[in-house]
file query00.csv (CSV, C-alpha atoms)
chain,number,residue,atom,x,y,z
A,1,MET,CA,36.3,21.9,-96.7
A,2,GLY,CA,38.2,22.1,-100.0
A,3,SER,CA,41.1,24.3,-100.7
A,4,ILE,CA,40.6,27.5,-102.7
A,5,PHE,CA,43.9,27.4,-104.6
A,6,ARG,CA,45.1,24.8,-107.2
A,7,GLY,CA,48.4,24.5,-105.6
A,8,ALA,CA,46.8,23.2,-102.4
A,9,GLU,CA,47.4,19.6,-103.5
A,10,ARG,CA,51.1,20.2,-103.7
A,11,ASN,CA,51.0,22.0,-100.3
A,12,VAL,CA,52.1,25.3,-101.8
A,13,TRP,CA,49.4,27.4,-100.4
A,14,THR,CA,46.1,26.6,-98.8
A,15,PHE,CA,43.4,28.7,-97.1
A,16,ARG,CA,41.4,27.0,-94.5
A,17,PRO,CA,39.6,28.9,-91.7
A,18,ASP,CA,40.6,26.3,-89.2
A,19,ASP,CA,44.3,26.7,-90.3
A,20,VAL,CA,44.0,30.5,-89.9
A,21,SER,CA,42.6,30.3,-86.4
A,22,GLU,CA,45.3,27.7,-85.5
A,23,ARG,CA,48.0,30.0,-86.9
A,24,LEU,CA,46.6,33.0,-85.0
A,25,LYS,CA,46.2,31.2,-81.7
A,26,PRO,CA,49.7,31.8,-80.5
A,27,ILE,CA,49.7,35.4,-81.6
A,28,VAL,CA,46.3,36.0,-79.8
A,29,LYS,CA,47.7,34.2,-76.8
A,30,ARG,CA,50.8,36.4,-76.7
A,31,GLU,CA,48.8,39.6,-77.2
A,32,ARG,CA,46.4,38.5,-74.4
A,33,ARG,CA,49.3,37.8,-72.1
A,34,LYS,CA,50.8,41.2,-72.9
A,35,LEU,CA,47.5,42.9,-72.2
A,36,ALA,CA,47.0,41.0,-69.0
A,37,SER,CA,50.5,41.7,-67.6
A,38,GLY,CA,50.0,45.4,-68.4
A,39,ALA,CA,46.6,45.3,-66.6
A,40,LEU,CA,48.1,43.5,-63.6
A,41,ILE,CA,50.9,46.1,-63.2
A,42,THR,CA,48.2,48.8,-63.5
A,43,PHE,CA,46.1,47.0,-60.9
A,44,CYS,CA,49.0,46.8,-58.4
A,45,LEU,CA,50.1,50.4,-58.8
A,46,ASN,CA,46.5,51.7,-58.7
A,47,ILE,CA,45.4,49.7,-55.7
A,48,MET,CA,48.5,51.0,-53.7
A,49,SER,CA,47.8,54.6,-54.9
A,50,ALA,CA,44.2,54.1,-53.9
A,51,LEU,CA,45.2,53.1,-50.4
A,52,VAL,CA,47.5,56.1,-50.0
A,53,ALA,CA,44.7,58.4,-51.3
A,54,LEU,CA,42.2,57.0,-48.8
A,55,LEU,CA,44.8,57.3,-46.0
A,56,THR,CA,45.4,60.9,-46.9
A,57,SER,CA,41.6,61.5,-47.0
A,58,TYR,CA,41.3,60.0,-43.5
A,59,TYR,CA,44.1,62.2,-42.1
A,60,ALA,CA,42.6,65.3,-43.7
A,61,TYR,CA,39.3,64.4,-42.1
A,62,LYS,CA,40.9,63.9,-38.7
A,63,ALA,CA,42.8,67.2,-39.0
A,64,ASN,CA,39.6,68.9,-40.1
A,65,ARG,CA,37.9,67.9,-36.8
A,66,PHE,CA,40.3,70.3,-35.0
A,67,VAL,CA,40.6,73.0,-37.7
A,68,SER,CA,37.5,73.7,-39.7
A,69,SER,CA,39.2,74.5,-43.0
A,70,SER,CA,37.8,74.5,-46.5
A,71,VAL,CA,41.1,73.2,-48.0
A,72,LEU,CA,41.2,70.3,-45.5
A,73,TRP,CA,37.6,69.5,-46.3
A,74,ALA,CA,38.4,69.6,-50.0
A,75,ILE,CA,41.5,67.4,-49.6
A,76,SER,CA,39.5,64.9,-47.6
A,77,ILE,CA,36.6,64.6,-50.1
A,78,GLY,CA,38.9,64.9,-53.1
A,79,PHE,CA,41.3,62.2,-52.0
A,80,MET,CA,38.4,60.0,-51.0
A,81,LEU,CA,36.9,60.3,-54.5
A,82,LEU,CA,40.3,59.7,-56.0
A,83,GLY,CA,40.8,56.6,-53.9
A,84,ILE,CA,37.4,55.2,-54.9
A,85,GLY,CA,38.1,56.0,-58.6
A,86,LEU,CA,41.5,54.2,-58.4
A,87,VAL,CA,39.9,51.2,-56.8
A,88,ILE,CA,37.3,51.1,-59.6
A,89,ASP,CA,40.0,51.4,-62.2
A,90,ALA,CA,42.2,48.8,-60.5
A,91,GLY,CA,39.2,46.4,-60.4
A,92,THR,CA,38.4,47.1,-64.1
A,93,SER,CA,42.0,46.3,-65.0
A,94,LEU,CA,41.9,43.1,-63.0
A,95,ILE,CA,38.6,41.8,-64.3
A,96,SER,CA,38.9,42.8,-67.9
A,97,GLY,CA,42.6,42.3,-68.2
A,98,ARG,CA,42.9,45.6,-70.0
A,99,THR,CA,44.1,49.1,-69.2
A,100,LEU,CA,42.2,52.2,-70.1
A,101,VAL,CA,44.2,52.6,-73.3
A,102,ASP,CA,43.5,49.0,-74.3
A,103,ILE,CA,39.8,49.5,-73.7
A,104,THR,CA,39.6,52.7,-75.8
A,105,GLY,CA,41.9,51.2,-78.5
A,106,ARG,CA,40.7,47.6,-79.0
A,107,THR,CA,37.3,46.1,-79.1
A,108,ALA,CA,37.6,42.6,-80.5
A,109,GLY,CA,36.9,39.4,-78.5
A,110,GLU,CA,34.7,40.9,-75.7
A,111,SER,CA,31.0,40.4,-75.1
A,112,PHE,CA,28.7,43.4,-75.3
A,113,SER,CA,27.7,43.3,-71.6
A,114,ASP,CA,31.4,43.0,-70.6
A,115,ARG,CA,32.3,46.0,-72.8
A,116,VAL,CA,29.4,48.1,-71.4
A,117,LEU,CA,30.5,47.3,-67.8
A,118,THR,CA,34.1,48.1,-68.6
A,119,LEU,CA,33.2,51.4,-70.3
A,120,LEU,CA,30.9,52.4,-67.4
A,121,ALA,CA,33.7,51.6,-64.9
A,122,SER,CA,36.3,53.6,-66.9
A,123,LEU,CA,33.8,56.5,-67.3
A,124,THR,CA,33.2,56.4,-63.5
A,125,TYR,CA,36.9,56.4,-62.8
A,126,LEU,CA,37.7,59.3,-65.1
A,127,THR,CA,34.8,61.4,-63.8
A,128,LEU,CA,35.7,60.7,-60.1
A,129,GLN,CA,39.3,61.6,-60.9
A,130,MET,CA,38.3,64.9,-62.6
A,131,VAL,CA,35.8,65.9,-59.9
A,132,ALA,CA,38.4,65.0,-57.2
A,133,TYR,CA,41.0,67.3,-58.6
A,134,LEU,CA,38.4,69.9,-59.2
A,135,ILE,CA,37.4,69.8,-55.5
A,136,ILE,CA,41.0,70.0,-54.4
A,137,GLY,CA,41.7,72.9,-56.8
A,138,VAL,CA,38.6,74.8,-55.6
A,139,GLY,CA,39.6,74.2,-52.0
A,140,TYR,CA,43.0,75.7,-52.6
A,141,LEU,CA,41.4,78.6,-54.5
A,142,ARG,CA,39.1,79.4,-51.6
A,143,SER,CA,42.0,79.3,-49.2
A,144,THR,CA,44.2,81.6,-51.4
A,145,TYR,CA,41.7,84.1,-52.7
A,146,GLY,CA,38.7,83.9,-50.3
A,147,ARG,CA,35.3,82.4,-51.1
A,148,GLN,CA,35.2,82.3,-54.9
A,149,SER,CA,34.2,79.2,-56.8
A,150,SER,CA,34.4,78.1,-60.4
A,151,ALA,CA,31.1,77.4,-62.1
A,152,ALA,CA,32.6,76.5,-65.5
A,153,ALA,CA,34.2,73.3,-64.3
A,154,PRO,CA,31.0,71.3,-63.2
A,155,ALA,CA,29.5,72.3,-66.6
A,156,ALA,CA,32.5,70.7,-68.3
A,157,VAL,CA,32.0,67.5,-66.4
A,158,VAL,CA,28.3,67.3,-67.5
A,159,GLY,CA,29.3,68.1,-71.1
A,160,ALA,CA,32.1,65.6,-71.1
A,161,THR,CA,29.8,62.7,-70.2
A,162,LEU,CA,27.9,63.2,-73.4
A,163,VAL,CA,30.8,62.2,-75.7
A,164,SER,CA,32.4,58.8,-76.2
A,165,LEU,CA,34.9,57.2,-73.8
A,166,TYR,CA,37.8,57.9,-76.0
A,167,SER,CA,37.0,61.6,-76.4
A,168,PHE,CA,35.9,61.7,-72.8
A,169,SER,CA,39.2,60.2,-71.6
A,170,ILE,CA,41.2,62.7,-73.6
A,171,LEU,CA,39.0,65.6,-72.3
A,172,SER,CA,39.1,64.2,-68.8
A,173,TYR,CA,42.9,63.9,-68.8
A,174,PHE,CA,43.2,67.3,-70.3
A,175,VAL,CA,41.0,68.9,-67.7
A,176,THR,CA,42.8,66.9,-65.0
A,177,VAL,CA,46.2,68.2,-66.2
A,178,ILE,CA,44.9,71.8,-66.2
A,179,LEU,CA,43.4,71.3,-62.7
A,180,LEU,CA,46.6,69.7,-61.4
A,181,ALA,CA,48.7,72.5,-62.8
A,182,PHE,CA,46.4,74.9,-60.9
A,183,VAL,CA,46.8,72.8,-57.7
A,184,VAL,CA,50.6,72.8,-58.0
A,185,PHE,CA,50.5,76.6,-58.6
A,186,GLN,CA,48.3,77.2,-55.6
A,187,GLY,CA,50.4,74.8,-53.5
A,188,LEU,CA,53.5,76.8,-54.4
A,189,LEU,CA,51.7,80.0,-53.3
A,190,LEU,CA,50.5,78.6,-50.0
A,191,ARG,CA,53.9,77.0,-49.3
A,192,SER,CA,55.6,80.4,-49.7
A,193,GLY,CA,53.2,81.6,-46.9
A,194,HIS,CA,53.4,78.7,-44.4
A,195,ALA,CA,56.3,76.4,-45.2
A,196,GLY,CA,56.3,73.4,-42.9
A,197,LYS,CA,59.1,70.9,-42.7
A,198,LEU,CA,57.3,68.4,-44.9
A,199,SER,CA,55.4,70.7,-47.3
A,200,GLY,CA,58.0,70.0,-50.0
A,201,MET,CA,56.9,66.4,-50.0
A,202,VAL,CA,53.2,67.3,-50.7
A,203,LEU,CA,54.3,69.7,-53.4
A,204,LEU,CA,56.5,67.0,-54.9
A,205,ALA,CA,53.6,64.5,-54.8
A,206,PHE,CA,51.3,66.9,-56.7
A,207,VAL,CA,54.1,67.7,-59.2
A,208,LEU,CA,54.6,64.0,-59.8
A,209,ILE,CA,50.8,63.4,-60.2
A,210,PHE,CA,50.7,66.3,-62.6
A,211,ALA,CA,53.6,64.9,-64.6
A,212,ALA,CA,51.9,61.5,-64.6
A,213,HIS,CA,48.7,62.9,-66.0
A,214,CYS,CA,50.7,64.7,-68.8
A,215,VAL,CA,52.1,61.3,-69.8
A,216,LEU,CA,48.7,59.7,-69.4
A,217,LEU,CA,47.1,62.3,-71.6
A,218,VAL,CA,49.7,61.6,-74.3
A,219,SER,CA,49.2,57.9,-73.9
A,220,VAL,CA,45.5,58.2,-74.4
A,221,LEU,CA,46.1,60.5,-77.5
A,222,VAL,CA,48.5,58.0,-79.2
A,223,LEU,CA,46.9,54.9,-77.6
A,224,GLY,CA,50.3,53.8,-76.2
A,225,SER,CA,50.1,51.1,-73.6
A,226,GLY,CA,53.7,51.5,-72.6
A,227,LEU,CA,53.3,55.2,-72.0
A,228,PHE,CA,50.1,54.5,-70.0
A,229,LEU,CA,52.0,52.2,-67.7
A,230,ILE,CA,54.8,54.8,-67.3
A,231,GLY,CA,52.1,57.4,-66.4
A,232,THR,CA,50.5,55.1,-63.9
A,233,ALA,CA,54.0,54.3,-62.4
A,234,VAL,CA,54.8,58.1,-62.1
A,235,GLN,CA,51.4,58.6,-60.5
A,236,PHE,CA,52.2,55.9,-58.0
A,237,LEU,CA,55.5,57.6,-57.2
A,238,GLY,CA,53.4,60.8,-56.4
A,239,PHE,CA,51.2,58.8,-54.1
A,240,LEU,CA,54.4,57.2,-52.5
A,241,SER,CA,55.7,60.7,-51.8
A,242,LEU,CA,52.3,61.5,-50.2
A,243,LEU,CA,52.5,58.3,-48.1
A,244,ILE,CA,56.0,59.2,-46.8
A,245,PHE,CA,54.6,62.7,-45.9
A,246,VAL,CA,51.6,61.2,-44.0
A,247,LEU,CA,53.8,58.7,-42.1
A,248,ARG,CA,56.5,61.3,-41.3
A,249,SER,CA,53.9,63.9,-40.2
A,250,GLU,CA,53.0,61.4,-37.5
A,251,VAL,CA,56.6,61.3,-36.3
A,252,VAL,CA,58.2,64.7,-37.0
A,253,GLY,CA,55.5,67.1,-35.8
A,254,PRO,CA,54.9,70.7,-36.9
A,255,GLY,CA,57.9,72.7,-38.0
B,1,MET,CA,50.7,91.6,-30.8
B,2,ALA,CA,53.1,93.1,-33.3
B,3,GLN,CA,51.6,95.3,-36.0
B,4,GLY,CA,51.0,93.5,-39.2
B,5,GLU,CA,51.0,90.1,-37.5
B,6,LYS,CA,47.9,88.0,-38.3
B,7,GLN,CA,45.3,87.6,-35.5
B,8,ARG,CA,45.7,84.2,-33.8
B,9,SER,CA,42.8,81.8,-34.0
B,10,VAL,CA,41.2,80.6,-30.8
B,11,LEU,CA,42.7,77.1,-31.4
B,12,ARG,CA,46.2,78.6,-31.8
B,13,ILE,CA,45.8,80.5,-28.5
B,14,ASN,CA,44.5,77.4,-26.7
B,15,LEU,CA,47.5,75.5,-28.2
B,16,ASP,CA,49.9,78.1,-27.0
B,17,ILE,CA,48.5,77.9,-23.5
B,18,LEU,CA,48.6,74.1,-23.5
B,19,ASN,CA,52.2,74.1,-24.8
B,20,ALA,CA,53.1,76.6,-22.0
B,21,VAL,CA,51.5,74.4,-19.4
B,22,ARG,CA,53.2,71.3,-20.8
B,23,ASP,CA,56.6,72.9,-20.8
B,24,GLU,CA,56.3,74.0,-17.2
B,25,GLY,CA,54.8,70.9,-15.8
B,26,GLU,CA,53.0,72.8,-13.1
B,27,ALA,CA,52.6,76.3,-14.5
B,28,LYS,CA,51.8,79.5,-12.7
B,29,PRO,CA,49.3,81.9,-14.5
B,30,THR,CA,52.0,84.6,-14.8
B,31,HIS,CA,54.3,82.1,-16.7
B,32,ILE,CA,51.4,81.0,-19.0
B,33,LEU,CA,50.5,84.7,-19.5
B,34,TYR,CA,54.0,85.5,-20.6
B,35,LYS,CA,54.5,82.4,-22.8
B,36,ALA,CA,51.1,82.6,-24.5
B,37,ASN,CA,51.3,86.4,-24.9
B,38,LEU,CA,47.9,87.2,-23.5
B,39,SER,CA,46.3,89.8,-21.3
B,40,HIS,CA,45.3,88.7,-17.8
B,41,GLU,CA,41.6,88.9,-18.6
B,42,ARG,CA,41.8,86.9,-21.7
B,43,LEU,CA,44.1,84.4,-20.0
B,44,VAL,CA,41.5,83.8,-17.2
B,45,LYS,CA,38.8,83.2,-19.8
B,46,TYR,CA,40.8,80.7,-21.8
B,47,LEU,CA,42.0,78.9,-18.7
B,48,ASP,CA,38.4,78.5,-17.5
B,49,ASP,CA,37.4,77.1,-20.9
B,50,LEU,CA,40.3,74.6,-20.9
B,51,THR,CA,39.6,73.5,-17.4
B,52,ALA,CA,35.9,73.1,-18.2
B,53,LYS,CA,36.9,70.9,-21.2
B,54,GLY,CA,39.0,68.8,-18.9
B,55,LEU,CA,42.3,69.5,-20.8
B,56,ILE,CA,44.0,71.2,-17.8
B,57,GLU,CA,43.5,71.1,-14.0
B,58,MET,CA,44.0,73.7,-11.4
B,59,LYS,CA,45.8,73.2,-8.0
B,60,GLN,CA,45.4,75.8,-5.3
B,61,GLU,CA,47.9,75.8,-2.4
B,62,GLY,CA,47.2,78.9,-0.2
B,63,GLU,CA,47.8,81.9,-2.4
B,64,ASN,CA,49.5,79.9,-5.2
B,65,ARG,CA,47.6,78.6,-8.2
B,66,THR,CA,49.1,76.3,-10.7
B,67,TYR,CA,47.9,74.5,-13.8
B,68,SER,CA,48.9,71.1,-15.2
B,69,LEU,CA,47.8,69.0,-18.1
B,70,THR,CA,45.3,66.2,-17.6
B,71,PRO,CA,45.7,62.9,-19.5
B,72,LYS,CA,43.0,64.1,-21.9
B,73,GLY,CA,45.0,67.3,-22.4
B,74,VAL,CA,48.2,65.3,-23.1
B,75,SER,CA,46.5,63.1,-25.7
B,76,PHE,CA,44.8,66.2,-27.3
B,77,LEU,CA,48.2,67.9,-27.6
B,78,ILE,CA,49.7,64.7,-29.3
B,79,GLU,CA,46.8,64.5,-31.7
B,80,MET,CA,47.1,68.3,-32.4
B,81,ARG,CA,50.8,67.9,-33.1
B,82,HIS,CA,50.1,65.3,-35.8
B,83,ALA,CA,47.2,67.4,-37.2
B,84,GLU,CA,49.3,70.6,-37.3
B,85,SER,CA,52.1,68.8,-39.1
B,86,PHE,CA,49.7,67.4,-41.7
B,87,ILE,CA,48.1,70.9,-42.1
B,88,GLN,CA,51.4,72.6,-42.6
B,89,GLY,CA,52.3,70.0,-45.2
B,90,PHE,CA,49.5,71.4,-47.4
B,91,GLY,CA,50.8,75.0,-46.8
B,92,LEU,CA,48.2,75.8,-44.2
B,93,ALA,CA,48.4,77.2,-40.7
B,94,ILE,CA,46.2,76.8,-37.6

call {"tool": "encode", "arguments": {"input": "query00.csv", "output": "structure tokens"}}
result
Amino acid sequence: MGSIFRGAERNVWTFRPDDVSERLKPIVKRERRKLASGALITFCLNIMSALVALLTSYYAYKANRFVSSSVLWAISIGFMLLGIGLVIDAGTSLISGRTLVDITGRTAGESFSDRVLTLLASLTYLTLQMVAYLIIGVGYLRSTYGRQSSAAAPAAVVGATLVSLYSFSILSYFVTVILLAFVVFQGLLLRSGHAGKLSGMVLLAFVLIFAAHCVLLVSVLVLGSGLFLIGTAVQFLGFLSLLIFVLRSEVVGPG
Amino acid sequence: MAQGEKQRSVLRINLDILNAVRDEGEAKPTHILYKANLSHERLVKYLDDLTAKGLIEMKQEGENRTYSLTPKGVSFLIEMRHAESFIQGFGLAI
């Protein structure tokens, strides 16, 4: 292929598609490596958080066999959904090499079927997460104020699935932040009534998960990969606090 | 029961009885009655239930009756201890 500028003969400036792809290769490689390392960190943090969520769900299920409580039922179901959602998100990060923010922000260099699968997986994760916190929130609500339930929230879930993943992820994180703020508030109310030795750790876990989702919401709004990783790390710290609580509750006993 | 105090659940009462039996080793009904804060009629009903479930066993020596935990009762108490700790962590009570 010939050059498009006269100065090409003197090697001043040339434009060849092959040259461009050659020049871009290291940049693309670097970008891909950056995306992959972010996705790998997200995978590790999310898979560990998922294990803690599933462990918490199991302990809540075990405790609910002795005490039939709507809150314990909600905690068991909610954390199980959360665990499944986190496993799906971790799997998506590992397979696609992208985090949720990268998926919503960048589209190039991915086949249609891969993109559809990634979108579906992310949509499933966000929905499961939202429903999980909704169930935990309603469980706490029933425990504090009797048998009242919120009909508006399921409608929000149905409505949210109709919009795009980007809008949905913003909406999902926004709703999750609101639900978590509610869970923290209810947790504070319940803690003032029956404060066990370890109840502070559960509250700390919910506060950290709430803070993480505030960061995640901002990261989705500004499409910041760094912020998304920080949010995921803070969420992991929340689950770590929950893990310490679950392990210590086995040793310490009621207070 | 003191005025204003919430009514204890059946599980809470059973736990109070089991804890009283565990503390004594071989507990006389009067000691359990005192520790679990129950009337005699209600105590007899709960003791019969716990014996039927195999969580405690009764020993009769002449006039004296004593109750002790069975292995099933011991493991139940351990499991309940963990469950109660977990439940309290979420700001709940049995």

call {"tool": "closest_residue", "arguments": {"input": "query00.csv", "among": "B:Met80, B:Met58, B:Leu92, B:Ala52", "to": "A:Gln186", "atoms": "only C-alpha atoms"}}
result
B:Leu92

call {"tool": "closest_residue", "arguments": {"input": "query00.csv", "among": "A:Leu198, A:Val251, A:Ile209, A:Leu204", "to": "A:Tyr133", "atoms": "all atoms listed in the file"}}
result
A:Ile209

call {"tool": "atom_distance", "arguments": {"input": "query00.csv", "atom1": "atom CA of B:Leu11", "atom2": "atom CA of A:Val202"}}
result
24.1 Å

call {"tool": "interface_residues", "arguments": {"input": "query00.csv", "of": "chain B", "to": "chain A", "cutoff": "12 Å", "atoms": "all atoms listed in the file", "output": "PyMOL selection string"}}
result
chain B and resi 6+9-12+14-15+76-94

call {"tool": "atom_distance", "arguments": {"input": "query00.csv", "atom1": "atom CA of A:Phe174", "atom2": "atom CA of A:Thr42"}}
result
20.3 Å

call {"tool": "closest_residue", "arguments": {"input": "query00.csv", "among": "B:Ser75, B:Asn64, B:Arg8, B:Ile13", "to": "B:Lys45", "atoms": "only C-alpha atoms"}}
result
B:Ile13

call {"tool": "atom_distance", "arguments": {"input": "query00.csv", "atom1": "atom CA of A:Ala205", "atom2": "atom CA of A:Leu240"}}
result
7.7 Å

call {"tool": "residues_near_point", "arguments": {"input": "query00.csv", "point": "(45.9, 68.5, -15.8)", "cutoff": "8 Å", "atoms": "all atoms listed in the file", "output": "list in words"}}
result
Gly54, Leu55, Ile56, Glu57, Met58, Tyr67, Ser68, Leu69, Thr70, Pro71 and Gly73 of chain B

call {"tool": "closest_residue", "arguments": {"input": "query00.csv", "among": "A:Leu227, A:Ile47, A:Leu221, A:Leu117", "to": "A:Val87", "atoms": "all atoms listed in the file"}}
result
A:Ile47

call {"tool": "residues_around", "arguments": {"input": "query00.csv", "residues": "A:Phe79", "least_positions_apart": "3", "cutoff": "9 Å", "atoms": "all atoms listed in the file", "output": "list in words"}}
result
Ala50, Val52, Ala53, Leu54, Leu55, Thr56, Ser57, Tyr58, Ala60, Ala74, Ile75, Ser76, Leu82, Gly83, Ile84, Ala132, Tyr133 and Ile136 of chain A

call {"tool": "residues_near_point", "arguments": {"input": "query00.csv", "point": "(51.4, 76.4, -18.7)", "cutoff": "9 Å", "atoms": "all atoms listed in the file", "output": "MDAnalysis selection string"}}
result
chainID B and resid 16:29 31:33 35:36 66:69

call {"tool": "axis_aligned_box", "arguments": {"input": "query00.csv", "around": "stretch 33-38 of chain B", "padding_each_side": "5 Å", "output": "AutoDock Vina command-line options"}}
result
--center_x 51.2 --center_y 84.8 --center_z -22.2 --size_x 16.6 --size_y 14.8 --size_z 15.4

call {"tool": "closest_residue", "arguments": {"input": "query00.csv", "among": "A:Ala90, A:Thr99, A:Thr127, A:Leu134", "to": "A:Gly224", "atoms": "all atoms listed in the file"}}
result
A:Thr99
